[in-house]
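Content type TSV, C-alpha atoms and all ligand atoms, from the file entry_23.tsv:
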chain	number	residue	atom	x	y	z
A	1	MET	CA	-10.46	7.56	-51.78
A	2	VAL	CA	-9.47	10.90	-53.33
A	3	PHE	CA	-6.60	11.04	-55.84
A	4	ASP	CA	-3.33	12.50	-54.63
A	5	GLU	CA	-2.50	13.33	-58.28
A	6	LYS	CA	1.07	12.16	-57.92
A	7	GLY	CA	2.91	9.90	-60.32
A	8	LYS	CA	2.62	9.05	-63.97
A	9	ILE	CA	-0.11	7.68	-66.19
A	10	TRP	CA	0.53	5.55	-69.25
A	11	PHE	CA	-1.21	7.51	-72.01
A	12	ASN	CA	-1.20	6.08	-75.55
A	13	GLY	CA	2.15	4.45	-75.01
A	14	GLU	CA	3.95	7.17	-73.05
A	15	PHE	CA	4.14	8.13	-69.43
A	16	VAL	CA	2.73	11.60	-68.72
A	17	ASP	CA	2.31	13.49	-65.46
A	18	TRP	CA	-0.90	12.66	-63.62
A	19	LYS	CA	-2.38	16.10	-64.35
A	20	ASP	CA	-1.55	15.93	-68.05
A	21	ALA	CA	-3.50	12.74	-68.78
A	22	ASN	CA	-6.44	14.62	-70.30
A	23	ILE	CA	-9.01	14.20	-73.08
A	24	HIS	CA	-11.23	16.75	-74.86
A	25	VAL	CA	-14.76	17.39	-73.52
A	26	LEU	CA	-16.15	16.55	-76.96
A	27	SER	CA	-14.60	13.08	-76.91
A	28	HIS	CA	-17.08	10.39	-77.90
A	29	VAL	CA	-16.78	8.66	-74.51
A	30	VAL	CA	-17.91	11.77	-72.64
A	31	HIS	CA	-21.20	11.90	-74.54
A	32	TYR	CA	-22.02	8.24	-75.11
A	33	GLY	CA	-20.09	6.28	-72.49
A	34	SER	CA	-17.94	4.56	-75.11
A	35	SER	CA	-15.21	2.86	-73.12
A	36	VAL	CA	-14.07	-0.56	-71.94
A	37	PHE	CA	-11.90	-0.95	-68.90
A	38	GLU	CA	-10.43	-3.25	-66.28
A	39	GLY	CA	-9.79	-3.15	-62.55
A	40	ILE	CA	-6.75	-5.11	-61.42
A	41	ARG	CA	-5.09	-5.46	-58.03
A	42	CYS	CA	-1.43	-5.67	-57.23
A	43	TYR	CA	-0.44	-7.08	-53.83
A	44	ASN	CA	2.70	-6.58	-51.83
A	45	THR	CA	4.39	-9.92	-51.23
A	46	GLN	CA	7.73	-10.95	-49.73
A	47	LYS	CA	9.02	-11.22	-53.29
A	48	GLY	CA	7.85	-7.70	-54.12
A	49	PRO	CA	4.63	-6.49	-55.71
A	50	ALA	CA	2.63	-9.08	-57.64
A	51	VAL	CA	-0.34	-8.55	-59.95
A	52	PHE	CA	-3.32	-10.88	-59.53
A	53	ARG	CA	-4.46	-12.74	-62.67
A	54	LEU	CA	-3.03	-10.16	-65.05
A	55	GLN	CA	-3.35	-12.33	-68.13
A	56	ASP	CA	-7.04	-12.90	-67.47
A	57	HIS	CA	-7.74	-9.21	-66.98
A	58	VAL	CA	-5.95	-8.29	-70.20
A	59	LYS	CA	-7.91	-10.97	-72.02
A	60	ARG	CA	-11.20	-9.63	-70.69
A	61	LEU	CA	-10.24	-6.09	-71.76
A	62	PHE	CA	-9.72	-7.30	-75.32
A	63	ASN	CA	-12.94	-9.32	-75.20
A	64	SER	CA	-14.86	-6.24	-74.06
A	65	GLY	CA	-13.29	-4.31	-76.93
A	66	LYS	CA	-14.25	-7.02	-79.39
A	67	ILE	CA	-17.94	-6.82	-78.45
A	68	TYR	CA	-17.87	-3.07	-79.09
A	69	ARG	CA	-15.86	-3.34	-82.33
A	70	MET	CA	-12.94	-1.50	-80.75
A	71	HIS	CA	-9.66	-2.52	-82.32
A	72	ILE	CA	-7.26	-1.78	-79.49
A	73	PRO	CA	-4.09	-0.51	-81.18
A	74	TYR	CA	-1.79	-2.62	-78.98
A	75	SER	CA	-1.32	-6.34	-78.60
A	76	PRO	CA	-2.38	-8.06	-75.36
A	77	GLU	CA	1.33	-8.63	-74.66
A	78	GLU	CA	2.03	-4.90	-75.01
A	79	ILE	CA	-0.78	-4.03	-72.59
A	80	PHE	CA	0.40	-6.76	-70.20
A	81	LYS	CA	3.90	-5.24	-70.18
A	82	ALA	CA	2.63	-1.67	-70.00
A	83	ILE	CA	0.61	-2.51	-66.88
A	84	LEU	CA	3.70	-3.88	-65.13
A	85	GLU	CA	5.68	-0.83	-66.26
A	86	THR	CA	3.04	1.48	-64.83
A	87	VAL	CA	3.40	-0.11	-61.40
A	88	ARG	CA	7.19	0.09	-61.64
A	89	GLU	CA	7.21	3.67	-62.94
A	90	ASN	CA	5.12	4.78	-59.97
A	91	GLU	CA	7.14	2.69	-57.50
A	92	LEU	CA	3.93	1.22	-56.16
A	93	GLU	CA	3.63	-1.87	-54.01
A	94	ASP	CA	0.03	-2.73	-53.30
A	95	CYS	CA	-2.20	-0.82	-55.70
A	96	TYR	CA	-5.21	-0.84	-57.96
A	97	ILE	CA	-4.63	-0.66	-61.70
A	98	ARG	CA	-7.15	0.79	-64.13
A	99	PRO	CA	-6.54	0.26	-67.86
A	100	ILE	CA	-9.19	1.93	-70.02
A	101	VAL	CA	-9.73	2.14	-73.75
A	102	LEU	CA	-12.02	4.94	-74.82
A	103	ARG	CA	-13.36	6.46	-77.99
A	104	GLY	CA	-11.84	9.89	-78.34
A	105	TYR	CA	-12.18	13.20	-80.11
A	106	LYS	CA	-12.92	13.77	-83.77
A	107	GLU	CA	-16.66	14.11	-84.36
A	108	LEU	CA	-19.91	13.47	-82.52
A	109	GLY	CA	-22.86	11.32	-83.45
A	110	VAL	CA	-23.78	7.83	-82.36
A	111	ILE	CA	-21.61	6.05	-84.91
A	112	PRO	CA	-18.25	6.02	-83.16
A	113	LEU	CA	-15.97	4.49	-85.72
A	114	LYS	CA	-14.08	7.62	-86.83
A	115	CYS	CA	-13.20	8.66	-83.28
A	116	PRO	CA	-9.67	7.51	-82.42
A	117	LEU	CA	-9.14	5.16	-79.50
A	118	THR	CA	-7.22	6.40	-76.50
A	119	THR	CA	-5.58	3.79	-74.28
A	120	VAL	CA	-4.72	4.67	-70.72
A	121	ILE	CA	-3.30	2.81	-67.73
A	122	ALA	CA	-3.36	4.42	-64.30
A	123	ALA	CA	-2.46	2.93	-60.92
A	124	TRP	CA	-2.95	4.19	-57.39
A	125	LYS	CA	-3.33	2.98	-53.85
A	126	TRP	CA	-6.95	1.97	-53.22
A	127	GLY	CA	-7.70	0.61	-49.78
A	128	LYS	CA	-10.67	-1.41	-48.72
A	129	TYR	CA	-13.51	-0.86	-51.19
A	130	LEU	CA	-16.50	-1.30	-48.90
A	131	GLY	CA	-15.01	0.25	-45.76
A	132	GLU	CA	-12.16	-0.54	-43.42
A	133	ASP	CA	-13.82	-3.25	-41.36
A	134	ALA	CA	-15.94	-4.71	-44.18
A	135	LEU	CA	-13.70	-7.72	-44.82
A	136	GLU	CA	-13.92	-8.75	-41.18
A	137	ASN	CA	-17.34	-7.64	-40.03
A	138	GLY	CA	-19.29	-7.64	-43.27
A	139	VAL	CA	-21.58	-5.14	-44.97
A	140	GLU	CA	-25.29	-4.38	-45.00
A	141	VAL	CA	-26.87	-4.63	-48.43
A	142	GLY	CA	-30.28	-3.93	-49.91
A	143	VAL	CA	-31.97	-5.35	-52.98
A	144	SER	CA	-32.19	-2.54	-55.52
A	145	THR	CA	-35.35	-1.46	-57.30
A	146	TRP	CA	-33.10	-1.12	-60.36
A	147	ARG	CA	-32.62	-4.30	-62.41
A	148	ARG	CA	-29.40	-5.38	-64.08
A	149	MET	CA	-29.39	-4.87	-67.86
A	150	ALA	CA	-31.66	-7.31	-69.69
A	151	PRO	CA	-30.18	-9.54	-72.40
A	152	ASN	CA	-29.59	-7.70	-75.66
A	153	THR	CA	-29.72	-4.28	-74.08
A	154	LEU	CA	-26.19	-3.59	-72.85
A	155	PRO	CA	-23.92	-6.63	-72.86
A	156	ASN	CA	-23.02	-7.57	-69.29
A	157	MET	CA	-20.08	-9.65	-70.46
A	158	ALA	CA	-18.32	-6.48	-71.61
A	159	LYS	CA	-16.80	-4.43	-68.82
A	160	ALA	CA	-17.91	-1.18	-70.42
A	161	GLY	CA	-18.13	2.28	-68.90
A	162	ALA	CA	-21.79	2.66	-69.85
A	163	ASN	CA	-22.79	-0.37	-67.77
A	164	TYR	CA	-21.87	1.60	-64.71
A	165	MET	CA	-24.71	4.08	-65.28
A	166	ASN	CA	-26.91	1.15	-64.24
A	167	SER	CA	-24.60	0.43	-61.29
A	168	GLN	CA	-24.63	4.09	-60.26
A	169	LEU	CA	-28.43	4.16	-60.04
A	170	ALA	CA	-28.45	1.13	-57.77
A	171	LYS	CA	-25.50	2.32	-55.68
A	172	MET	CA	-26.93	5.81	-55.12
A	173	GLU	CA	-30.26	4.32	-54.10
A	174	SER	CA	-28.57	1.92	-51.67
A	175	VAL	CA	-26.49	4.70	-50.08
A	176	HIS	CA	-29.63	6.85	-49.79
A	177	ASN	CA	-31.26	3.95	-47.96
A	178	ASN	CA	-28.22	3.62	-45.64
A	179	PHE	CA	-26.95	0.37	-47.10
A	180	ASP	CA	-23.30	-0.25	-47.95
A	181	GLU	CA	-24.08	-1.89	-51.28
A	182	ALA	CA	-26.93	-2.89	-53.58
A	183	ILE	CA	-27.82	-6.31	-54.89
A	184	MET	CA	-29.44	-6.20	-58.29
A	185	LEU	CA	-31.86	-8.71	-59.72
A	186	ASP	CA	-31.88	-9.66	-63.37
A	187	TYR	CA	-34.75	-8.67	-65.68
A	188	GLN	CA	-36.75	-11.73	-64.59
A	189	GLY	CA	-36.27	-11.09	-60.90
A	190	SER	CA	-33.59	-13.57	-59.92
A	191	VAL	CA	-30.40	-12.59	-58.13
A	192	SER	CA	-27.73	-11.15	-60.45
A	193	GLU	CA	-24.86	-9.22	-58.79
A	194	GLY	CA	-23.77	-6.16	-56.84
A	195	THR	CA	-22.96	-2.80	-58.46
A	196	GLY	CA	-19.28	-3.78	-58.63
A	197	GLU	CA	-19.20	-7.33	-57.27
A	198	ASN	CA	-20.47	-10.83	-57.86
A	199	ILE	CA	-22.44	-12.58	-55.13
A	200	PHE	CA	-22.17	-15.99	-53.44
A	201	LEU	CA	-24.52	-17.68	-50.95
A	202	VAL	CA	-23.83	-20.58	-48.62
A	203	LYS	CA	-26.75	-22.84	-47.75
A	204	ASP	CA	-26.29	-26.21	-46.02
A	205	ASN	CA	-22.57	-26.16	-46.87
A	206	ILE	CA	-23.21	-25.72	-50.61
A	207	LEU	CA	-21.91	-22.62	-52.35
A	208	TYR	CA	-24.36	-20.99	-54.76
A	209	THR	CA	-23.70	-18.21	-57.25
A	210	PRO	CA	-25.90	-16.94	-60.10
A	211	HIS	CA	-25.16	-18.57	-63.43
A	212	SER	CA	-23.15	-16.39	-65.80
A	213	SER	CA	-26.14	-16.03	-68.13
A	214	LEU	CA	-28.00	-14.07	-65.44
A	215	SER	CA	-26.98	-10.57	-66.58
A	216	LEU	CA	-23.70	-10.40	-64.70
A	217	LEU	CA	-20.05	-9.68	-65.26
A	218	SER	CA	-18.29	-13.00	-65.05
A	219	GLY	CA	-15.79	-11.88	-62.45
A	220	ILE	CA	-12.21	-13.06	-62.20
A	221	THR	CA	-12.50	-13.12	-58.41
A	222	ARG	CA	-15.71	-15.15	-58.82
A	223	ASP	CA	-13.82	-17.65	-60.96
A	224	SER	CA	-11.01	-17.77	-58.37
A	225	VAL	CA	-13.47	-18.45	-55.55
A	226	ILE	CA	-15.14	-21.25	-57.52
A	227	LYS	CA	-11.75	-22.91	-58.14
A	228	MET	CA	-10.61	-22.59	-54.52
A	229	ALA	CA	-13.95	-23.87	-53.21
A	230	GLU	CA	-14.04	-26.89	-55.50
A	231	ASP	CA	-10.46	-27.78	-54.59
A	232	ALA	CA	-11.38	-27.53	-50.92
A	233	GLY	CA	-14.17	-30.06	-51.49
A	234	ILE	CA	-16.97	-27.51	-51.26
A	235	LYS	CA	-19.80	-28.18	-53.67
A	236	VAL	CA	-20.44	-25.21	-56.00
A	237	LYS	CA	-23.69	-24.65	-57.89
A	238	GLU	CA	-24.03	-22.00	-60.58
A	239	GLU	CA	-27.74	-21.58	-61.04
A	240	THR	CA	-30.79	-19.32	-60.86
A	241	ILE	CA	-31.19	-17.93	-57.36
A	242	PRO	CA	-34.59	-16.56	-56.28
A	243	ARG	CA	-34.49	-13.33	-54.27
A	244	GLU	CA	-35.88	-14.93	-51.11
A	245	MET	CA	-33.03	-17.41	-51.01
A	246	LEU	CA	-30.83	-14.44	-50.01
A	247	TYR	CA	-32.72	-14.07	-46.73
A	248	LEU	CA	-32.48	-17.79	-45.95
A	249	ALA	CA	-28.76	-18.18	-46.67
A	250	ASP	CA	-26.37	-19.27	-43.93
A	251	GLU	CA	-23.69	-16.98	-45.32
A	252	ILE	CA	-23.41	-14.46	-48.15
A	253	PHE	CA	-20.33	-12.78	-49.54
A	254	LEU	CA	-19.45	-10.46	-52.42
A	255	THR	CA	-16.44	-10.88	-54.68
A	256	GLY	CA	-14.58	-8.44	-56.90
A	257	THR	CA	-11.15	-7.03	-57.58
A	258	ALA	CA	-11.86	-3.94	-55.52
A	259	ALA	CA	-14.14	-5.65	-52.94
A	260	GLU	CA	-12.01	-8.84	-52.74
A	261	ILE	CA	-14.10	-11.25	-50.62
A	262	THR	CA	-16.49	-9.21	-48.46
A	263	PRO	CA	-18.99	-10.88	-46.12
A	264	VAL	CA	-22.61	-9.68	-46.02
A	265	LYS	CA	-24.24	-9.46	-42.62
A	266	SER	CA	-27.75	-8.45	-43.64
A	267	VAL	CA	-29.97	-8.09	-46.70
A	268	ASP	CA	-32.84	-5.57	-46.55
A	269	GLY	CA	-32.34	-5.45	-42.78
A	270	ILE	CA	-32.78	-9.22	-42.43
A	271	THR	CA	-29.84	-10.83	-40.64
A	272	ILE	CA	-27.94	-13.44	-42.64
A	273	GLY	CA	-26.98	-16.49	-40.59
A	274	GLU	CA	-25.29	-15.33	-37.40
A	275	GLY	CA	-24.98	-11.78	-38.79
A	276	LYS	CA	-21.23	-12.04	-39.03
A	277	ARG	CA	-18.57	-13.59	-41.24
A	278	GLY	CA	-19.36	-17.30	-41.55
A	279	PRO	CA	-16.96	-20.27	-41.58
A	280	ILE	CA	-16.95	-20.93	-45.35
A	281	THR	CA	-16.50	-17.23	-46.09
A	282	THR	CA	-13.59	-17.18	-43.63
A	283	GLN	CA	-12.04	-20.29	-45.14
A	284	LEU	CA	-12.17	-18.88	-48.69
A	285	GLN	CA	-10.97	-15.43	-47.59
A	286	ASP	CA	-8.01	-16.98	-45.75
A	287	LYS	CA	-7.05	-19.04	-48.79
A	288	PHE	CA	-7.42	-16.07	-51.14
A	289	PHE	CA	-5.35	-13.70	-49.03
A	290	SER	CA	-2.68	-16.28	-48.33
A	291	ILE	CA	-2.20	-16.73	-52.08
A	292	VAL	CA	-2.35	-13.08	-53.15
A	293	GLU	CA	-0.10	-11.96	-50.33
A	294	GLY	CA	2.41	-14.61	-51.32
A	295	VAL	CA	2.20	-16.47	-48.01
A	296	ALA	CA	0.90	-19.73	-49.50
A	297	GLU	CA	2.18	-21.38	-52.63
A	298	ASP	CA	0.79	-19.80	-55.80
A	299	GLU	CA	-0.72	-23.12	-56.81
A	300	TYR	CA	-2.89	-21.66	-59.59
A	301	GLN	CA	-0.15	-19.41	-60.97
A	302	TRP	CA	-2.24	-16.35	-60.40
A	303	LEU	CA	0.57	-13.92	-59.60
A	304	THR	CA	2.84	-11.96	-61.93
A	305	TYR	CA	5.75	-10.44	-60.05
A	306	VAL	CA	6.27	-6.83	-61.07
A	307	HIS	CA	10.05	-6.96	-60.69
A	308	GLY	CA	10.37	-10.60	-61.81
A	309	GLU	CA	10.66	-13.62	-59.51
A	401	LIG	N1	-19.60	-7.30	-61.35
A	401	LIG	C1	-19.43	-5.99	-61.61
A	401	LIG	C2	-20.58	-5.20	-62.07
A	401	LIG	C3	-18.16	-5.43	-61.43
A	401	LIG	O1	-18.00	-4.13	-61.69
A	401	LIG	C4	-17.09	-6.22	-60.96
A	401	LIG	C5	-15.75	-5.63	-60.76
A	401	LIG	C6	-17.34	-7.58	-60.70
A	401	LIG	C7	-18.59	-8.09	-60.93
A	401	LIG	C8	-16.24	-8.51	-60.24
A	401	LIG	O2	-15.31	-8.75	-61.26
A	401	LIG	P1	-13.79	-9.09	-60.94
A	401	LIG	O3	-13.16	-7.83	-60.50
A	401	LIG	O4	-13.26	-9.60	-62.23
A	401	LIG	O5	-13.76	-10.14	-59.87
A	401	LIG	N2	-15.75	-4.27	-60.40
A	401	LIG	C9	-14.57	-3.47	-60.63
A	401	LIG	C10	-14.86	-1.99	-60.59
A	401	LIG	C11	-15.23	-1.41	-59.30
A	401	LIG	C12	-15.37	0.09	-59.34
A	401	LIG	O6	-15.97	0.64	-58.39
A	401	LIG	O7	-14.89	0.73	-60.27
A	401	LIG	C13	-13.45	-3.87	-59.68
A	401	LIG	O8	-13.70	-4.51	-58.66
A	401	LIG	O9	-12.32	-3.54	-59.99

Spit out the file's structure as structure tokens when you get a sec.
Amino acid sequence: MVFDEKGKIWFNGEFVDWKDANIHVLSHVVHYGSSVFEGIRCYNTQKGPAVFRLQDHVKRLFNSGKIYRMHIPYSPEEIFKAILETVRENELEDCYIRPIVLRGYKELGVIPLKCPLTTVIAAWKWGKYLGEDALENGVEVGVSTWRRMAPNTLPNMAKAGANYMNSQLAKMESVHNNFDEAIMLDYQGSVSEGTGENIFLVKDNILYTPHSSLSLLSGITRDSVIKMAEDAGIKVKEETIPREMLYLADEIFLTGTAAEITPVKSVDGITIGEGKRGPITTQLQDKFFSIVEGVAEDEYQWLTYVHGE
């Protein structure tokens, strides 16, 4: 995906042309990675575009800011509304929305508190994250030699720009090794998450996912999958998952806003189950897409219609 540079970006409360949404090279964020952000999807439904779990994403943005002592100069309600306005302003239907709060330009040095915050919301069309046929045919992943951040190093519960330096190392290594995605282990060697996704395993009809204390971002898609699975009578276990359990799983899938629900067909070249999308993955994918595309009833009230209902 390369930007087409069309449309407007919400920049500190005002819409500016795509090319004018700029910050100074000596901004704090450029040197020290000081930002918190969100990734949100909007789906095209019969009732117009609808944003998935907007309230929860806005809440997580403010929680990330809280951890980093960033006092976002807008209320959650203002950001909520500004996100919907950004989709409307750009006349988008299905799109990906990226709000980011960053520490800006004033002085350098590790202490960031004098640098003003800049708040930005951009939206664009972002197709299938892990490739066109990934949702149907699955992806090939490799366990990374890079570990996820250990407790009390960088907080995994904050969705902060700097965390993605760790993700980048793992992703570049996996691409170099001809994998589609990396799976990272936590500092003690148990399964944590992908570079931009959470991970689920199916074994003997039970759904397993690493517990949220295992150095991962507690994903909103992950939470959605757990709810849908439990309501479908599938037993869900959040626990410590040893690496080798990956190879022995019947099914594996990745979840994330960008990646949605993507099946995994192999790990480190070892085929998972039948090497294709399994029945529980299919069941949860079908349920997820029927809700977000507005085909099924929005039983969890996950959708916010951009132009009202
Ligand atoms: N773990 C990580 C590390 C992560 O980045 C994401 C989202 C998730 C889990 C899943 O979280 P959620 O989206 O709430 O279900 N990754 C975002 C950024 C991807 C990117 O390449 O940038 C996303 O999917 O929007």

The residue from A:Asn152, A:Thr118, A:Asn90, A:Ser215 with the smallest atom-to-atom distance to ligand LIG 401 (chain A), counting all atoms listed in the file, is A:Ser215

Per residue of chain A within 7 Å of ligand LIG 401 (chain A), record the nearest atom pair and its distance in Å to one decimal, counting only C-alpha atoms and all ligand atoms, with rows in chain order and ascending residue number, as a tab-separated table.
residue	atom	partner	partner_atom	distance
A:Glu38	CA	A:LIG401	O9	6.6
A:Gly39	CA	A:LIG401	O9	3.6
A:Ile40	CA	A:LIG401	O9	6.0
A:Ser167	CA	A:LIG401	C2	7.0
A:Glu193	CA	A:LIG401	N1	6.2
A:Gly194	CA	A:LIG401	C2	6.2
A:Thr195	CA	A:LIG401	C2	4.9
A:Gly196	CA	A:LIG401	O1	3.3
A:Glu197	CA	A:LIG401	C7	3.8
A:Asn198	CA	A:LIG401	C7	4.5
A:Leu216	CA	A:LIG401	N1	6.1
A:Leu217	CA	A:LIG401	N1	4.6
A:Ser218	CA	A:LIG401	C7	6.4
A:Gly219	CA	A:LIG401	O2	3.4
A:Ile220	CA	A:LIG401	O4	3.6
A:Thr221	CA	A:LIG401	O5	3.5
A:Arg222	CA	A:LIG401	O5	5.5
A:Thr255	CA	A:LIG401	O5	5.9
A:Gly256	CA	A:LIG401	O5	3.5
A:Thr257	CA	A:LIG401	O3	3.6
A:Ala258	CA	A:LIG401	O8	3.7
A:Ala259	CA	A:LIG401	O8	5.8

Please save C-alpha atoms of the selected residues as a tab-separated table (two decimals), in the coordinates of the input.
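And here's out.tsv as it stands now:
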chain	number	residue	atom	x	y	z
A	38	GLU	CA	-10.43	-3.25	-66.28
A	39	GLY	CA	-9.79	-3.15	-62.55
A	40	ILE	CA	-6.75	-5.11	-61.42
A	167	SER	CA	-24.60	0.43	-61.29
A	193	GLU	CA	-24.86	-9.22	-58.79
A	194	GLY	CA	-23.77	-6.16	-56.84
A	195	THR	CA	-22.96	-2.80	-58.46
A	196	GLY	CA	-19.28	-3.78	-58.63
A	197	GLU	CA	-19.20	-7.33	-57.27
A	198	ASN	CA	-20.47	-10.83	-57.86
A	216	LEU	CA	-23.70	-10.40	-64.70
A	217	LEU	CA	-20.05	-9.68	-65.26
A	218	SER	CA	-18.29	-13.00	-65.05
A	219	GLY	CA	-15.79	-11.88	-62.45
A	220	ILE	CA	-12.21	-13.06	-62.20
A	221	THR	CA	-12.50	-13.12	-58.41
A	222	ARG	CA	-15.71	-15.15	-58.82
A	255	THR	CA	-16.44	-10.88	-54.68
A	256	GLY	CA	-14.58	-8.44	-56.90
A	257	THR	CA	-11.15	-7.03	-57.58
A	258	ALA	CA	-11.86	-3.94	-55.52
A	259	ALA	CA	-14.14	-5.65	-52.94

Sorted per-residue table, stretch 41-78 of chain A near stretch 24-34 of chain A, closest atoms and distance, 12 Å, all atoms listed in the file, as a tab-separated table:
residue	atom	partner	partner_atom	distance
A:Ser64	CA	A:Ser34	CA	11.3
A:Gly65	CA	A:Ser34	CA	10.2
A:Ile67	CA	A:Ser34	CA	11.9
A:Tyr68	CA	A:Ser34	CA	8.6
A:Arg69	CA	A:Ser34	CA	10.9
A:Met70	CA	A:Ser34	CA	9.7

Which residues, written as a list in words, have at least one atom at most 10 Å from A:Gly127, with all atoms listed in the file counted and residues fewer than 5 positions away on the same chain left out?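 Surrounding residues, per the criterion: Met1, Asp94, Cys95, Tyr96, Glu132, Ala258 and Ala259 of chain A.
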
Taking only C-alpha atoms into account, which of A:Gly142, A:Pro242, A:Gly7, A:Gly104 comes nearest A:Val175? A:Gly142
